[in-house]
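Text of the file run.cif, holding mmCIF, C-alpha atoms and all ligand atoms:
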data_input
loop_
_atom_site.label_atom_id
_atom_site.label_comp_id
_atom_site.auth_asym_id
_atom_site.auth_seq_id
_atom_site.Cartn_x
_atom_site.Cartn_y
_atom_site.Cartn_z
CA MET A 1 -23.30 12.46 -21.65
CA SER A 2 -21.82 14.15 -24.70
CA SER A 3 -20.73 17.64 -23.76
CA HIS A 4 -19.47 18.83 -27.11
CA VAL A 5 -20.30 18.34 -30.76
CA ILE A 6 -17.92 16.14 -32.74
CA ASP A 7 -17.30 17.14 -36.34
CA VAL A 8 -17.26 14.27 -38.78
CA GLU A 9 -15.67 14.69 -42.18
CA PRO A 10 -18.17 13.76 -44.87
CA GLY A 11 -17.37 10.47 -46.55
CA LYS A 12 -14.88 9.41 -43.90
CA THR A 13 -14.89 5.65 -43.25
CA SER A 14 -13.43 3.69 -40.39
CA SER A 15 -10.36 1.73 -41.22
CA PHE A 16 -9.77 0.70 -37.62
CA LYS A 17 -13.23 -0.77 -37.10
CA ASP A 18 -12.91 -2.76 -40.33
CA LYS A 19 -9.53 -4.12 -39.23
CA VAL A 20 -11.01 -5.26 -35.93
CA MET A 21 -14.01 -6.81 -37.65
CA ALA A 22 -11.67 -8.97 -39.69
CA LEU A 23 -10.24 -10.34 -36.41
CA LEU A 24 -13.39 -10.98 -34.37
CA PRO A 25 -15.70 -13.98 -34.86
CA ASP A 26 -18.66 -12.78 -36.98
CA GLY A 27 -16.94 -9.41 -37.09
CA GLY A 28 -18.08 -8.92 -33.51
CA ASN A 29 -21.42 -7.82 -35.07
CA LEU A 30 -19.91 -4.34 -35.01
CA ASN A 31 -22.13 -3.15 -37.89
CA LEU A 32 -25.41 -4.22 -36.31
CA CYS A 33 -25.89 -1.51 -33.69
CA LEU A 34 -29.45 -0.22 -33.24
CA THR A 35 -28.26 2.64 -31.03
CA CYS A 36 -30.71 1.55 -28.35
CA GLY A 37 -28.36 2.45 -25.49
CA LEU A 38 -28.85 -0.69 -23.39
CA CYS A 39 -25.10 -1.20 -23.29
CA SER A 40 -24.42 2.29 -21.97
CA SER A 41 -27.18 2.36 -19.39
CA GLY A 42 -25.80 -0.82 -17.80
CA CYS A 43 -22.12 0.01 -18.04
CA PRO A 44 -20.51 1.34 -14.84
CA ALA A 45 -17.80 3.04 -16.94
CA THR A 46 -20.39 5.24 -18.63
CA GLY A 47 -19.51 8.88 -18.04
CA LEU A 48 -15.80 8.40 -17.52
CA GLU A 49 -13.70 10.39 -19.99
CA ASP A 50 -16.96 11.68 -21.48
CA MET A 51 -17.41 8.22 -22.97
CA ASP A 52 -19.72 5.21 -22.92
CA PRO A 53 -19.83 1.94 -24.90
CA ARG A 54 -22.44 3.05 -27.43
CA LYS A 55 -20.59 6.30 -28.06
CA PHE A 56 -17.30 4.43 -28.43
CA LEU A 57 -18.85 2.11 -31.01
CA ARG A 58 -20.59 4.95 -32.88
CA MET A 59 -17.33 6.90 -33.02
CA ALA A 60 -15.61 3.83 -34.47
CA ALA A 61 -18.40 3.49 -37.04
CA LEU A 62 -18.04 7.14 -38.00
CA GLY A 63 -14.32 6.73 -38.60
CA LEU A 64 -13.18 8.82 -35.64
CA ASP A 65 -10.19 6.52 -35.31
CA ASP A 66 -7.77 9.00 -33.76
CA GLU A 67 -10.24 9.85 -31.02
CA ILE A 68 -10.98 6.27 -29.98
CA LEU A 69 -7.39 5.11 -30.36
CA ASN A 70 -6.17 7.80 -28.00
CA SER A 71 -8.91 7.70 -25.40
CA PRO A 72 -7.72 6.42 -22.00
CA TRP A 73 -11.26 5.07 -21.61
CA ALA A 74 -10.02 1.88 -23.29
CA TRP A 75 -8.27 1.18 -19.97
CA MET A 76 -11.36 1.99 -17.90
CA CYS A 77 -13.62 -0.56 -19.54
CA THR A 78 -13.04 -3.71 -17.48
CA MET A 79 -13.90 -6.14 -20.30
CA CYS A 80 -16.75 -7.36 -18.09
CA GLN A 81 -18.97 -8.13 -21.11
CA ARG A 82 -22.15 -6.90 -19.48
CA CYS A 83 -22.80 -4.77 -22.54
CA ILE A 84 -22.78 -7.89 -24.74
CA HIS A 85 -25.10 -9.64 -22.30
CA ALA A 86 -27.58 -6.73 -22.50
CA CYS A 87 -27.23 -6.00 -26.23
CA PRO A 88 -30.06 -7.24 -28.48
CA MET A 89 -27.52 -7.65 -31.30
CA LYS A 90 -24.76 -9.21 -29.18
CA ILE A 91 -22.21 -6.66 -30.27
CA ASP A 92 -18.68 -7.33 -29.03
CA ILE A 93 -17.75 -3.88 -27.79
CA PRO A 94 -15.05 -5.19 -25.40
CA GLY A 95 -13.54 -7.01 -28.40
CA LEU A 96 -13.24 -3.64 -30.12
CA ILE A 97 -11.81 -2.06 -26.99
CA ALA A 98 -9.28 -4.87 -26.50
CA ASN A 99 -7.92 -4.14 -29.96
CA VAL A 100 -7.70 -0.45 -29.13
CA ARG A 101 -5.56 -1.37 -26.11
CA LYS A 102 -3.38 -3.53 -28.30
CA ASN A 103 -2.85 -0.57 -30.60
CA TRP A 104 -1.38 1.61 -27.82
CA PRO A 105 2.40 1.95 -28.06
CA VAL A 106 3.97 -0.17 -25.34
CA GLU A 107 5.65 2.83 -23.71
CA ASN A 108 2.31 4.63 -23.31
CA GLN A 109 0.41 1.69 -21.84
CA PRO A 110 -0.38 1.91 -18.10
CA LYS A 111 2.86 1.15 -16.30
CA GLY A 112 1.30 -1.04 -13.65
CA ILE A 113 -0.12 -3.42 -16.22
CA ARG A 114 2.87 -3.40 -18.54
CA SER A 115 5.46 -3.96 -15.82
CA SER A 116 3.44 -6.80 -14.27
CA CYS A 117 3.30 -8.44 -17.70
CA GLU A 118 7.06 -8.10 -18.18
CA LEU A 119 7.94 -9.19 -14.63
CA ALA A 120 5.99 -12.43 -15.04
CA LEU A 121 8.42 -13.43 -17.79
CA LYS A 122 11.48 -13.01 -15.61
CA ASN A 123 11.29 -16.54 -14.27
CA ASP A 124 9.29 -19.72 -14.66
CA THR A 125 7.04 -19.07 -11.67
CA CYS A 126 5.16 -16.57 -13.92
CA SER A 127 4.72 -14.39 -10.83
CA ALA A 128 3.80 -10.82 -11.77
CA MET A 129 5.25 -9.77 -8.42
CA GLY A 130 8.59 -11.36 -9.26
CA ALA A 131 8.48 -14.14 -6.64
CA THR A 132 11.15 -16.77 -7.37
CA GLU A 133 10.88 -20.53 -7.04
CA GLU A 134 12.96 -20.36 -3.84
CA ASP A 135 10.81 -17.59 -2.28
CA TRP A 136 7.68 -19.51 -3.08
CA GLN A 137 8.87 -22.86 -1.76
CA PHE A 138 10.20 -21.27 1.38
CA VAL A 139 7.05 -19.36 2.28
CA VAL A 140 4.71 -22.29 1.60
CA GLU A 141 6.76 -24.69 3.72
CA ASP A 142 7.28 -22.09 6.45
CA VAL A 143 3.55 -21.34 6.79
CA ALA A 144 2.56 -25.04 6.64
CA GLU A 145 5.12 -25.87 9.34
CA GLU A 146 3.74 -23.20 11.63
CA VAL A 147 0.18 -24.46 11.21
CA ARG A 148 1.29 -28.04 11.98
CA GLU A 149 3.01 -26.87 15.16
CA THR A 150 0.35 -24.53 16.47
CA GLN A 151 -3.08 -25.65 15.27
CA GLU A 152 -4.80 -28.59 16.82
CA GLY A 153 -6.17 -31.10 14.37
CA PHE A 154 -3.78 -30.00 11.61
CA GLU A 155 -0.61 -31.77 12.77
CA ASP A 156 -0.60 -33.60 9.41
CA LEU A 157 -1.42 -30.66 7.17
CA GLN A 158 0.54 -30.71 3.92
CA ALA A 159 0.98 -28.16 1.17
CA PRO A 160 2.57 -30.52 -1.35
CA MET A 161 5.09 -29.17 -3.84
CA ASP A 162 5.82 -30.85 -7.20
CA LYS A 163 3.99 -34.02 -6.22
CA GLU A 164 4.00 -36.14 -9.35
CA GLY A 165 0.73 -37.62 -10.51
CA ALA A 166 -1.44 -35.57 -8.14
CA ARG A 167 -4.94 -35.10 -9.49
CA PHE A 168 -5.16 -31.34 -8.97
CA PHE A 169 -2.51 -28.76 -9.79
CA LEU A 170 -3.48 -25.74 -7.73
CA ASN A 171 -2.31 -22.29 -8.66
CA GLN A 172 -2.13 -19.26 -6.43
CA ASN A 173 -2.31 -15.51 -6.89
CA SER A 174 1.11 -14.00 -6.07
CA ARG A 175 -0.44 -11.63 -3.60
CA GLU A 176 -0.77 -14.37 -0.98
CA PRO A 177 2.76 -15.72 -0.78
CA VAL A 178 4.21 -12.23 -1.21
CA THR A 179 2.04 -10.08 1.05
CA GLU A 180 -0.38 -12.17 3.14
CA PRO A 181 0.76 -15.80 3.29
CA ASP A 182 -1.64 -16.77 6.10
CA GLU A 183 -4.50 -16.31 3.63
CA MET A 184 -3.38 -19.51 1.87
CA VAL A 185 -4.11 -21.65 4.92
CA PRO A 186 -7.93 -21.85 4.86
CA LEU A 187 -7.85 -23.35 1.37
CA TRP A 188 -5.19 -25.88 2.41
CA LYS A 189 -7.36 -26.92 5.34
CA ILE A 190 -10.40 -27.45 3.15
CA LEU A 191 -8.38 -29.55 0.68
CA HIS A 192 -6.88 -31.48 3.57
CA LEU A 193 -10.24 -32.28 5.16
CA VAL A 194 -11.87 -33.44 1.94
CA GLY A 195 -8.82 -35.60 1.21
CA ALA A 196 -8.04 -33.96 -2.12
CA ASP A 197 -5.03 -35.26 -4.03
CA TRP A 198 -3.42 -31.95 -4.94
CA THR A 199 -0.12 -30.21 -5.42
CA TYR A 200 1.48 -26.85 -6.02
CA GLY A 201 4.30 -26.61 -8.54
CA THR A 202 7.56 -24.72 -8.21
CA LYS A 203 7.05 -23.57 -11.79
CA GLY A 204 4.03 -21.92 -13.34
CA TRP A 205 2.09 -21.57 -10.09
CA ALA A 206 1.18 -17.88 -10.31
CA ALA A 207 -2.47 -17.44 -11.24
CA GLU A 208 -2.22 -13.98 -12.79
CA ASN A 209 -1.39 -13.06 -16.39
CA TYR A 210 -1.28 -9.32 -16.98
CA CYS A 211 -0.17 -9.69 -20.59
CA LEU A 212 -3.83 -10.35 -21.35
CA PHE A 213 -4.77 -6.89 -20.08
CA CYS A 214 -2.35 -5.12 -22.41
CA GLN A 215 -3.33 -7.56 -25.16
CA ASP A 216 0.24 -8.70 -25.71
CA PHE A 217 -0.79 -12.04 -27.13
CA GLU A 218 2.72 -13.32 -27.75
CA LYS A 219 3.76 -12.84 -24.13
CA TRP A 220 0.38 -13.96 -22.86
CA GLU A 221 0.75 -17.21 -24.79
CA LYS A 222 4.29 -17.71 -23.57
CA ILE A 223 3.09 -17.51 -19.97
CA VAL A 224 0.14 -19.84 -20.58
CA ARG A 225 2.46 -22.40 -22.17
CA ILE A 226 4.87 -22.33 -19.23
CA LYS A 227 1.94 -22.92 -16.88
CA ALA A 228 0.41 -25.69 -18.97
CA LYS A 229 3.79 -27.41 -19.22
CA ALA A 230 4.22 -27.29 -15.45
CA VAL A 231 0.90 -29.11 -15.07
CA ASP A 232 1.75 -31.67 -17.77
CA ASP A 233 5.27 -32.29 -16.46
CA LEU A 234 3.83 -33.39 -13.12
CA GLY A 235 1.18 -35.49 -14.86
CA CYS A 236 -1.68 -33.71 -13.11
CA LYS A 237 -5.21 -34.15 -14.47
CA VAL A 238 -6.88 -30.92 -13.40
CA TRP A 239 -5.52 -27.40 -13.41
CA LEU A 240 -7.31 -25.73 -10.56
CA ASN A 241 -7.48 -21.97 -10.77
CA THR A 242 -8.24 -20.27 -7.47
CA GLU A 243 -9.17 -16.99 -9.07
CA MET B 1 -25.84 -11.71 10.58
CA LYS B 2 -26.48 -11.05 6.87
CA PHE B 3 -24.22 -11.66 3.89
CA THR B 4 -24.29 -10.79 0.23
CA VAL B 5 -22.19 -12.37 -2.50
CA GLN B 6 -20.40 -10.99 -5.53
CA ASP B 7 -20.79 -12.94 -8.79
CA PRO B 8 -17.34 -12.56 -10.40
CA CYS B 9 -17.71 -11.66 -14.10
CA GLN B 10 -14.93 -14.03 -15.05
CA LEU B 11 -16.48 -16.99 -13.28
CA VAL B 12 -20.13 -16.39 -14.07
CA ARG B 13 -21.04 -14.21 -17.07
CA LYS B 14 -17.78 -14.80 -18.97
CA SER B 15 -17.32 -18.53 -18.50
CA LEU B 16 -19.56 -20.94 -16.60
CA GLY B 17 -22.78 -18.92 -16.51
CA ASP B 18 -25.77 -19.12 -14.17
CA PRO B 19 -25.23 -22.79 -13.17
CA ILE B 20 -22.00 -21.87 -11.36
CA ALA B 21 -23.78 -18.91 -9.75
CA GLU B 22 -26.26 -21.44 -8.34
CA ASP B 23 -23.41 -23.63 -7.08
CA LEU B 24 -21.91 -20.59 -5.41
CA ARG B 25 -25.21 -19.86 -3.66
CA PHE B 26 -25.50 -23.48 -2.56
CA VAL B 27 -22.14 -23.21 -0.82
CA VAL B 28 -22.79 -19.77 0.62
CA LYS B 29 -26.19 -20.75 1.99
CA SER B 30 -24.74 -23.92 3.52
CA VAL B 31 -22.16 -21.77 5.27
CA VAL B 32 -24.18 -18.77 6.47
CA GLY B 33 -27.71 -20.19 6.55
CA GLU B 34 -30.30 -19.87 3.80
CA GLU B 35 -32.10 -16.92 5.39
CA ASN B 36 -28.89 -14.94 5.82
CA LEU B 37 -27.96 -14.51 2.17
CA ILE B 38 -29.29 -11.34 0.58
CA ASP B 39 -28.68 -11.10 -3.14
CA MET B 40 -27.64 -7.89 -4.81
CA GLN B 41 -29.83 -6.67 -7.66
CA PRO B 42 -29.18 -7.40 -10.46
CA ASN B 43 -27.18 -10.59 -9.95
CA ARG B 44 -25.78 -13.79 -11.52
CA SER B 45 -25.00 -13.30 -15.24
CA ASN B 46 -26.57 -9.87 -15.09
CA ASN B 47 -24.43 -8.64 -12.23
CA TYR B 48 -22.31 -5.49 -12.46
CA CYS B 49 -18.55 -5.73 -12.57
CA CYS B 50 -16.93 -4.45 -9.36
CA GLY B 51 -14.52 -2.28 -11.32
CA GLY B 52 -11.38 -4.23 -10.45
CA GLY B 53 -11.28 -6.33 -13.60
CA GLY B 54 -9.44 -5.98 -16.88
CA GLY B 55 -6.37 -4.61 -15.13
CA PHE B 56 -8.21 -1.55 -13.74
CA LEU B 57 -6.68 -2.12 -10.28
CA GLN B 58 -3.20 -1.79 -11.70
CA SER B 59 -3.78 0.76 -14.44
CA GLY B 60 -3.10 3.85 -12.34
CA PHE B 61 -6.55 5.48 -12.57
CA PRO B 62 -7.76 5.14 -8.96
CA GLU B 63 -10.35 7.93 -9.19
CA ALA B 64 -11.91 6.50 -12.32
CA ARG B 65 -11.82 3.02 -10.81
CA ARG B 66 -13.67 4.19 -7.72
CA TYR B 67 -16.20 6.11 -9.81
CA TYR B 68 -16.83 2.86 -11.69
CA GLY B 69 -17.10 1.00 -8.38
CA ARG B 70 -19.85 3.30 -7.08
CA ARG B 71 -22.41 1.14 -8.81
CA LYS B 72 -21.14 -1.94 -6.98
CA LEU B 73 -20.92 -0.03 -3.71
CA ASP B 74 -24.55 1.10 -4.02
CA GLN B 75 -25.64 -2.45 -4.85
CA ILE B 76 -23.93 -3.80 -1.74
CA LEU B 77 -25.24 -1.06 0.54
CA GLU B 78 -28.74 -1.62 -0.77
CA THR B 79 -28.68 -5.18 0.64
CA GLY B 80 -27.88 -3.86 4.11
CA ALA B 81 -25.48 -6.78 4.65
CA PRO B 82 -22.34 -6.03 6.70
CA TYR B 83 -20.39 -8.69 4.77
CA CYS B 84 -19.77 -9.12 1.06
CA ILE B 85 -18.34 -12.49 0.03
CA THR B 86 -15.93 -12.05 -2.87
CA PRO B 87 -14.82 -15.33 -4.48
CA CYS B 88 -12.29 -13.68 -6.83
CA HIS B 89 -9.04 -11.88 -6.08
CA ASN B 90 -9.75 -8.78 -8.11
CA CYS B 91 -13.27 -8.47 -6.70
CA HIS B 92 -11.91 -8.87 -3.19
CA SER B 93 -9.32 -6.13 -3.60
CA GLN B 94 -11.68 -3.71 -5.29
CA ILE B 95 -14.69 -4.27 -3.02
CA HIS B 96 -12.45 -4.00 0.05
CA ASP B 97 -10.97 -0.76 -1.28
CA LEU B 98 -14.41 0.68 -2.05
CA SER B 99 -15.57 0.09 1.50
CA GLU B 100 -12.47 1.75 2.94
CA HIS B 101 -12.45 4.66 0.52
CA TYR B 102 -16.14 5.51 0.84
CA GLU B 103 -16.16 4.54 4.53
CA ALA B 104 -19.07 2.24 3.80
CA GLY B 105 -18.45 0.01 6.81
CA TYR B 106 -19.03 -3.40 5.24
CA HIS B 107 -16.38 -6.15 5.18
CA SER B 108 -15.09 -7.99 2.14
CA VAL B 109 -14.26 -11.66 2.77
CA HIS B 110 -12.97 -14.61 0.80
CA LEU B 111 -15.27 -17.61 0.57
CA TRP B 112 -12.60 -19.91 2.01
CA THR B 113 -12.47 -17.78 5.17
CA LEU B 114 -16.17 -18.27 5.82
CA ILE B 115 -16.12 -21.98 4.99
CA CYS B 116 -13.40 -22.54 7.60
CA LEU B 117 -15.09 -20.23 10.11
CA SER B 118 -18.34 -22.17 9.79
CA MET B 119 -16.46 -25.44 10.34
CA GLY B 120 -14.71 -24.08 13.41
CA ILE B 121 -11.23 -24.46 11.93
CA LEU B 122 -10.26 -20.87 11.15
CA GLY B 123 -6.95 -20.02 12.80
CA GLU B 124 -6.08 -16.83 14.63
CA ASN B 125 -3.89 -15.45 11.84
CA GLU B 126 -6.46 -16.17 9.14
CA ARG B 127 -8.96 -13.51 10.20
CA GLU B 128 -7.57 -10.38 8.59
CA TYR B 129 -10.79 -9.55 6.76
CA LEU B 130 -13.36 -10.38 9.41
CA GLY B 131 -15.05 -7.57 11.31
CA PRO B 132 -14.89 -7.35 15.12
CA ASP B 133 -18.23 -9.17 15.36
CA LEU B 134 -16.77 -12.38 13.87
CA ALA B 135 -13.07 -11.99 14.60
CA GLU B 136 -13.17 -13.88 17.90
CA LEU B 137 -15.81 -16.41 16.97
CA GLY B 138 -14.81 -20.03 17.57
CA LEU B 139 -11.24 -19.28 18.62
S1 LIG A 301 -26.89 -2.38 -26.71
FE1 LIG A 301 -26.08 -3.09 -28.69
S2 LIG A 301 -27.55 -2.32 -30.20
FE2 LIG A 301 -27.93 -1.17 -28.30
S3 LIG A 301 -26.64 0.69 -28.48
FE3 LIG A 301 -25.41 -0.84 -27.42
S4 LIG A 301 -24.23 -1.87 -29.03
FE4 LIG A 301 -25.92 -0.79 -30.03
S1 LIG A 302 -17.24 -4.61 -21.18
FE1 LIG A 302 -16.59 -2.48 -20.97
S2 LIG A 302 -18.04 -1.33 -22.18
FE2 LIG A 302 -18.96 -3.33 -21.81
S3 LIG A 302 -20.19 -3.04 -19.93
FE3 LIG A 302 -18.19 -3.81 -19.29
S4 LIG A 302 -17.01 -1.96 -18.83
FE4 LIG A 302 -18.78 -1.32 -20.07
#
Would you give me this structure, written as structure tokens?
Ligand code: SF4
Ligand code: SF4
Amino acid sequence: MSSHVIDVEPGKTSSFKDKVMALLPDGGNLNLCLTCGLCSSGCPATGLEDMDPRKFLRMAALGLDDEILNSPWAWMCTMCQRCIHACPMKIDIPGLIANVRKNWPVENQPKGIRSSCELALKNDTCSAMGATEEDWQFVVEDVAEEVRETQEGFEDLQAPMDKEGARFFLNQNSREPVTEPDEMVPLWKILHLVGADWTYGTKGWAAENYCLFCQDFEKWEKIVRIKAKAVDDLGCKVWLNTE
Amino acid sequence: MKFTVQDPCQLVRKSLGDPIAEDLRFVVKSVVGEENLIDMQPNRSNNYCCGGGGGFLQSGFPEARRYYGRRKLDQILETGAPYCITPCHNCHSQIHDLSEHYEAGYHSVHLWTLICLSMGILGENEREYLGPDLAELGL
């Protein structure tokens, strides 16, 4: 996989890897690599950007901080954790990569991720597609009404909104209400038929949180707190994530 | 009619592990029939990520994302199933896109779609992701 030789300055040590080790539980075991290659052979991102997980880790260990901090490969690892699963030493390579992402200047981070993170903070729905409380309420009621009028056996179908004390608070990926609202219906029908006591909320209903992907912990936490508060305010017992 | 199922990393390997993968198979088999589920290899906690996770779908590297997804595509094609059940939003988007991009011919469906189809309660407008073979079934 490596197509060119990388020069390493003698005596160079990694400051970035050490910083990350101080943050991860057990230092992410980042110093325990046996160089066996199990991670790389099972990683679908191997080969992209002339990189693979073992190489990324070895480069960190050799102090090639500039190279790893600037490699777009950090955005091509999906944080799937298969490498950890396969690794005999349980080395947290995605934990290292997450911190590399965090180190990218905001303005250089992938726009799609960054803007979705920012947009989710625009209002209390937490929708990364910018759906407002009014949009959301309207589309849910509109779709439910149509099902009640046109589908036999579902004349009583409800998609409850802000129902206090419901057992389940269901969230929803923004893609459905915004681009394909009819895709919400099958789940409503299932919940209806099993007699589930559930509700949507006008606030905090959006399932996604892109701030996690750019490792903006402050904004990520802000979004999680808005969502958790929405569940608590309605007195729901279970926060049901559809994704 | 054969089906395969994607084990979402977030649901299985990264949180609830193999027990939830078994629950998923219990539901899928109840819906499509035990003999009609063909597992990808490897699977459960050892499954490959589809390539849609971690923000890859939104990161603006479509070529790299589809290169990553080749491994998933090959896994699905190896089963020979014309349907891949994808019980996660990212997986659904990515696996759907892979089929279209590589003209692989399989369909990517949500679990809720198949549950309702099997119960005979799937409405006309709720069939976006079914192939022509199932699109009219039970209408
Ligand atoms: S699987 Fe673990 S020990 Fe083996 S090369 Fe990868 S990180 Fe190192
Ligand atoms: S977490 Fe990243 S490096 Fe590890 S297997 Fe998944 S994509 Fe590869």
Counting only C-alpha atoms, a student should be able to say which residues of chain B come within 10 Å of chain A; what is the right answer, written as a compact mmCIF listing (two decimals) with C-alpha atoms, in the coordinates of the input?
# COMPACT_ATOMS: atom_id res chain seq x y z
CA PRO B 8 -17.34 -12.56 -10.40
CA CYS B 9 -17.71 -11.66 -14.10
CA GLN B 10 -14.93 -14.03 -15.05
CA LEU B 11 -16.48 -16.99 -13.28
CA ARG B 13 -21.04 -14.21 -17.07
CA LYS B 14 -17.78 -14.80 -18.97
CA SER B 45 -25.00 -13.30 -15.24
CA ASN B 46 -26.57 -9.87 -15.09
CA ASN B 47 -24.43 -8.64 -12.23
CA TYR B 48 -22.31 -5.49 -12.46
CA CYS B 49 -18.55 -5.73 -12.57
CA CYS B 50 -16.93 -4.45 -9.36
CA GLY B 51 -14.52 -2.28 -11.32
CA GLY B 52 -11.38 -4.23 -10.45
CA GLY B 53 -11.28 -6.33 -13.60
CA GLY B 54 -9.44 -5.98 -16.88
CA GLY B 55 -6.37 -4.61 -15.13
CA PHE B 56 -8.21 -1.55 -13.74
CA LEU B 57 -6.68 -2.12 -10.28
CA GLN B 58 -3.20 -1.79 -11.70
CA SER B 59 -3.78 0.76 -14.44
CA GLY B 60 -3.10 3.85 -12.34
CA PHE B 61 -6.55 5.48 -12.57
CA GLU B 63 -10.35 7.93 -9.19
CA ALA B 64 -11.91 6.50 -12.32
CA ARG B 65 -11.82 3.02 -10.81
CA TYR B 67 -16.20 6.11 -9.81
CA TYR B 68 -16.83 2.86 -11.69
CA GLY B 69 -17.10 1.00 -8.38
CA ARG B 70 -19.85 3.30 -7.08
CA ARG B 71 -22.41 1.14 -8.81
CA LYS B 72 -21.14 -1.94 -6.98
CA PRO B 87 -14.82 -15.33 -4.48
CA CYS B 88 -12.29 -13.68 -6.83
CA HIS B 89 -9.04 -11.88 -6.08
CA ASN B 90 -9.75 -8.78 -8.11
CA CYS B 91 -13.27 -8.47 -6.70
CA HIS B 110 -12.97 -14.61 0.80
CA LEU B 111 -15.27 -17.61 0.57
CA TRP B 112 -12.60 -19.91 2.01
CA THR B 113 -12.47 -17.78 5.17
CA LEU B 114 -16.17 -18.27 5.82
CA ILE B 115 -16.12 -21.98 4.99
CA CYS B 116 -13.40 -22.54 7.60
CA LEU B 117 -15.09 -20.23 10.11
CA MET B 119 -16.46 -25.44 10.34
CA ILE B 121 -11.23 -24.46 11.93
CA LEU B 122 -10.26 -20.87 11.15
CA GLY B 123 -6.95 -20.02 12.80
CA GLU B 124 -6.08 -16.83 14.63
CA ASN B 125 -3.89 -15.45 11.84
CA GLU B 126 -6.46 -16.17 9.14
CA ARG B 127 -8.96 -13.51 10.20
CA GLU B 128 -7.57 -10.38 8.59
CA TYR B 129 -10.79 -9.55 6.76
Worksheet item: For Pro19 of chain B, which of B:Val31, B:Gly138, B:Lys2, B:Arg44 is the closest residue, counting all atoms listed in the file?
Response: B:Arg44
Which residues of chain A sit at most 10 Å from ligand LIG 301 (chain A), using only C-alpha atoms and all ligand atoms? Give each one's shortest atom pair and distance in Å (one decimal place), in chain and ascending residue order, as JSON lines.
{"residue": "A:Asn29", "atom": "CA", "partner": "A:LIG301", "partner_atom": "S4", "distance": 8.9}
{"residue": "A:Leu30", "atom": "CA", "partner": "A:LIG301", "partner_atom": "S4", "distance": 7.8}
{"residue": "A:Asn31", "atom": "CA", "partner": "A:LIG301", "partner_atom": "FE4", "distance": 9.0}
{"residue": "A:Leu32", "atom": "CA", "partner": "A:LIG301", "partner_atom": "S2", "distance": 6.7}
{"residue": "A:Cys33", "atom": "CA", "partner": "A:LIG301", "partner_atom": "FE4", "distance": 3.7}
{"residue": "A:Leu34", "atom": "CA", "partner": "A:LIG301", "partner_atom": "S2", "distance": 4.2}
{"residue": "A:Thr35", "atom": "CA", "partner": "A:LIG301", "partner_atom": "S3", "distance": 3.6}
{"residue": "A:Cys36", "atom": "CA", "partner": "A:LIG301", "partner_atom": "FE2", "distance": 3.9}
{"residue": "A:Gly37", "atom": "CA", "partner": "A:LIG301", "partner_atom": "S3", "distance": 3.9}
{"residue": "A:Leu38", "atom": "CA", "partner": "A:LIG301", "partner_atom": "S1", "distance": 4.2}
{"residue": "A:Cys39", "atom": "CA", "partner": "A:LIG301", "partner_atom": "S1", "distance": 4.0}
{"residue": "A:Ser40", "atom": "CA", "partner": "A:LIG301", "partner_atom": "FE3", "distance": 6.4}
{"residue": "A:Ser41", "atom": "CA", "partner": "A:LIG301", "partner_atom": "S1", "distance": 8.7}
{"residue": "A:Gly42", "atom": "CA", "partner": "A:LIG301", "partner_atom": "S1", "distance": 9.1}
{"residue": "A:Cys43", "atom": "CA", "partner": "A:LIG301", "partner_atom": "FE3", "distance": 10.0}
{"residue": "A:Asp52", "atom": "CA", "partner": "A:LIG301", "partner_atom": "FE3", "distance": 9.4}
{"residue": "A:Pro53", "atom": "CA", "partner": "A:LIG301", "partner_atom": "FE3", "distance": 6.7}
{"residue": "A:Arg54", "atom": "CA", "partner": "A:LIG301", "partner_atom": "FE3", "distance": 4.9}
{"residue": "A:Lys55", "atom": "CA", "partner": "A:LIG301", "partner_atom": "S3", "distance": 8.3}
{"residue": "A:Phe56", "atom": "CA", "partner": "A:LIG301", "partner_atom": "S4", "distance": 9.4}
{"residue": "A:Leu57", "atom": "CA", "partner": "A:LIG301", "partner_atom": "S4", "distance": 7.0}
{"residue": "A:Arg58", "atom": "CA", "partner": "A:LIG301", "partner_atom": "FE4", "distance": 8.3}
{"residue": "A:Arg82", "atom": "CA", "partner": "A:LIG301", "partner_atom": "S1", "distance": 9.8}
{"residue": "A:Cys83", "atom": "CA", "partner": "A:LIG301", "partner_atom": "S1", "distance": 6.3}
{"residue": "A:Ile84", "atom": "CA", "partner": "A:LIG301", "partner_atom": "FE1", "distance": 7.0}
{"residue": "A:His85", "atom": "CA", "partner": "A:LIG301", "partner_atom": "S1", "distance": 8.7}
{"residue": "A:Ala86", "atom": "CA", "partner": "A:LIG301", "partner_atom": "S1", "distance": 6.1}
{"residue": "A:Cys87", "atom": "CA", "partner": "A:LIG301", "partner_atom": "S1", "distance": 3.7}
{"residue": "A:Pro88", "atom": "CA", "partner": "A:LIG301", "partner_atom": "FE1", "distance": 5.8}
{"residue": "A:Met89", "atom": "CA", "partner": "A:LIG301", "partner_atom": "S2", "distance": 5.4}
{"residue": "A:Lys90", "atom": "CA", "partner": "A:LIG301", "partner_atom": "FE1", "distance": 6.3}
{"residue": "A:Ile91", "atom": "CA", "partner": "A:LIG301", "partner_atom": "S4", "distance": 5.3}
{"residue": "A:Asp92", "atom": "CA", "partner": "A:LIG301", "partner_atom": "S4", "distance": 7.8}
{"residue": "A:Ile93", "atom": "CA", "partner": "A:LIG301", "partner_atom": "S4", "distance": 6.9}
Worksheet item: At what distance in Å, to one decimal, does atom CA of Trp239 of chain A lie from atom CA of Leu193 of chain A?
Response: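 Interatomic distance here is 19.8 Å.
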Fill in: Nearest-residue call for ligand LIG 302 (chain A), choices A:Gly95, A:Ala60, A:Ser71, A:Leu170, using only C-alpha atoms and all ligand atoms
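Among A:Gly95, A:Ala60, A:Ser71, A:Leu170, it is A:Gly95 that comes nearest to ligand LIG 302 (chain A).
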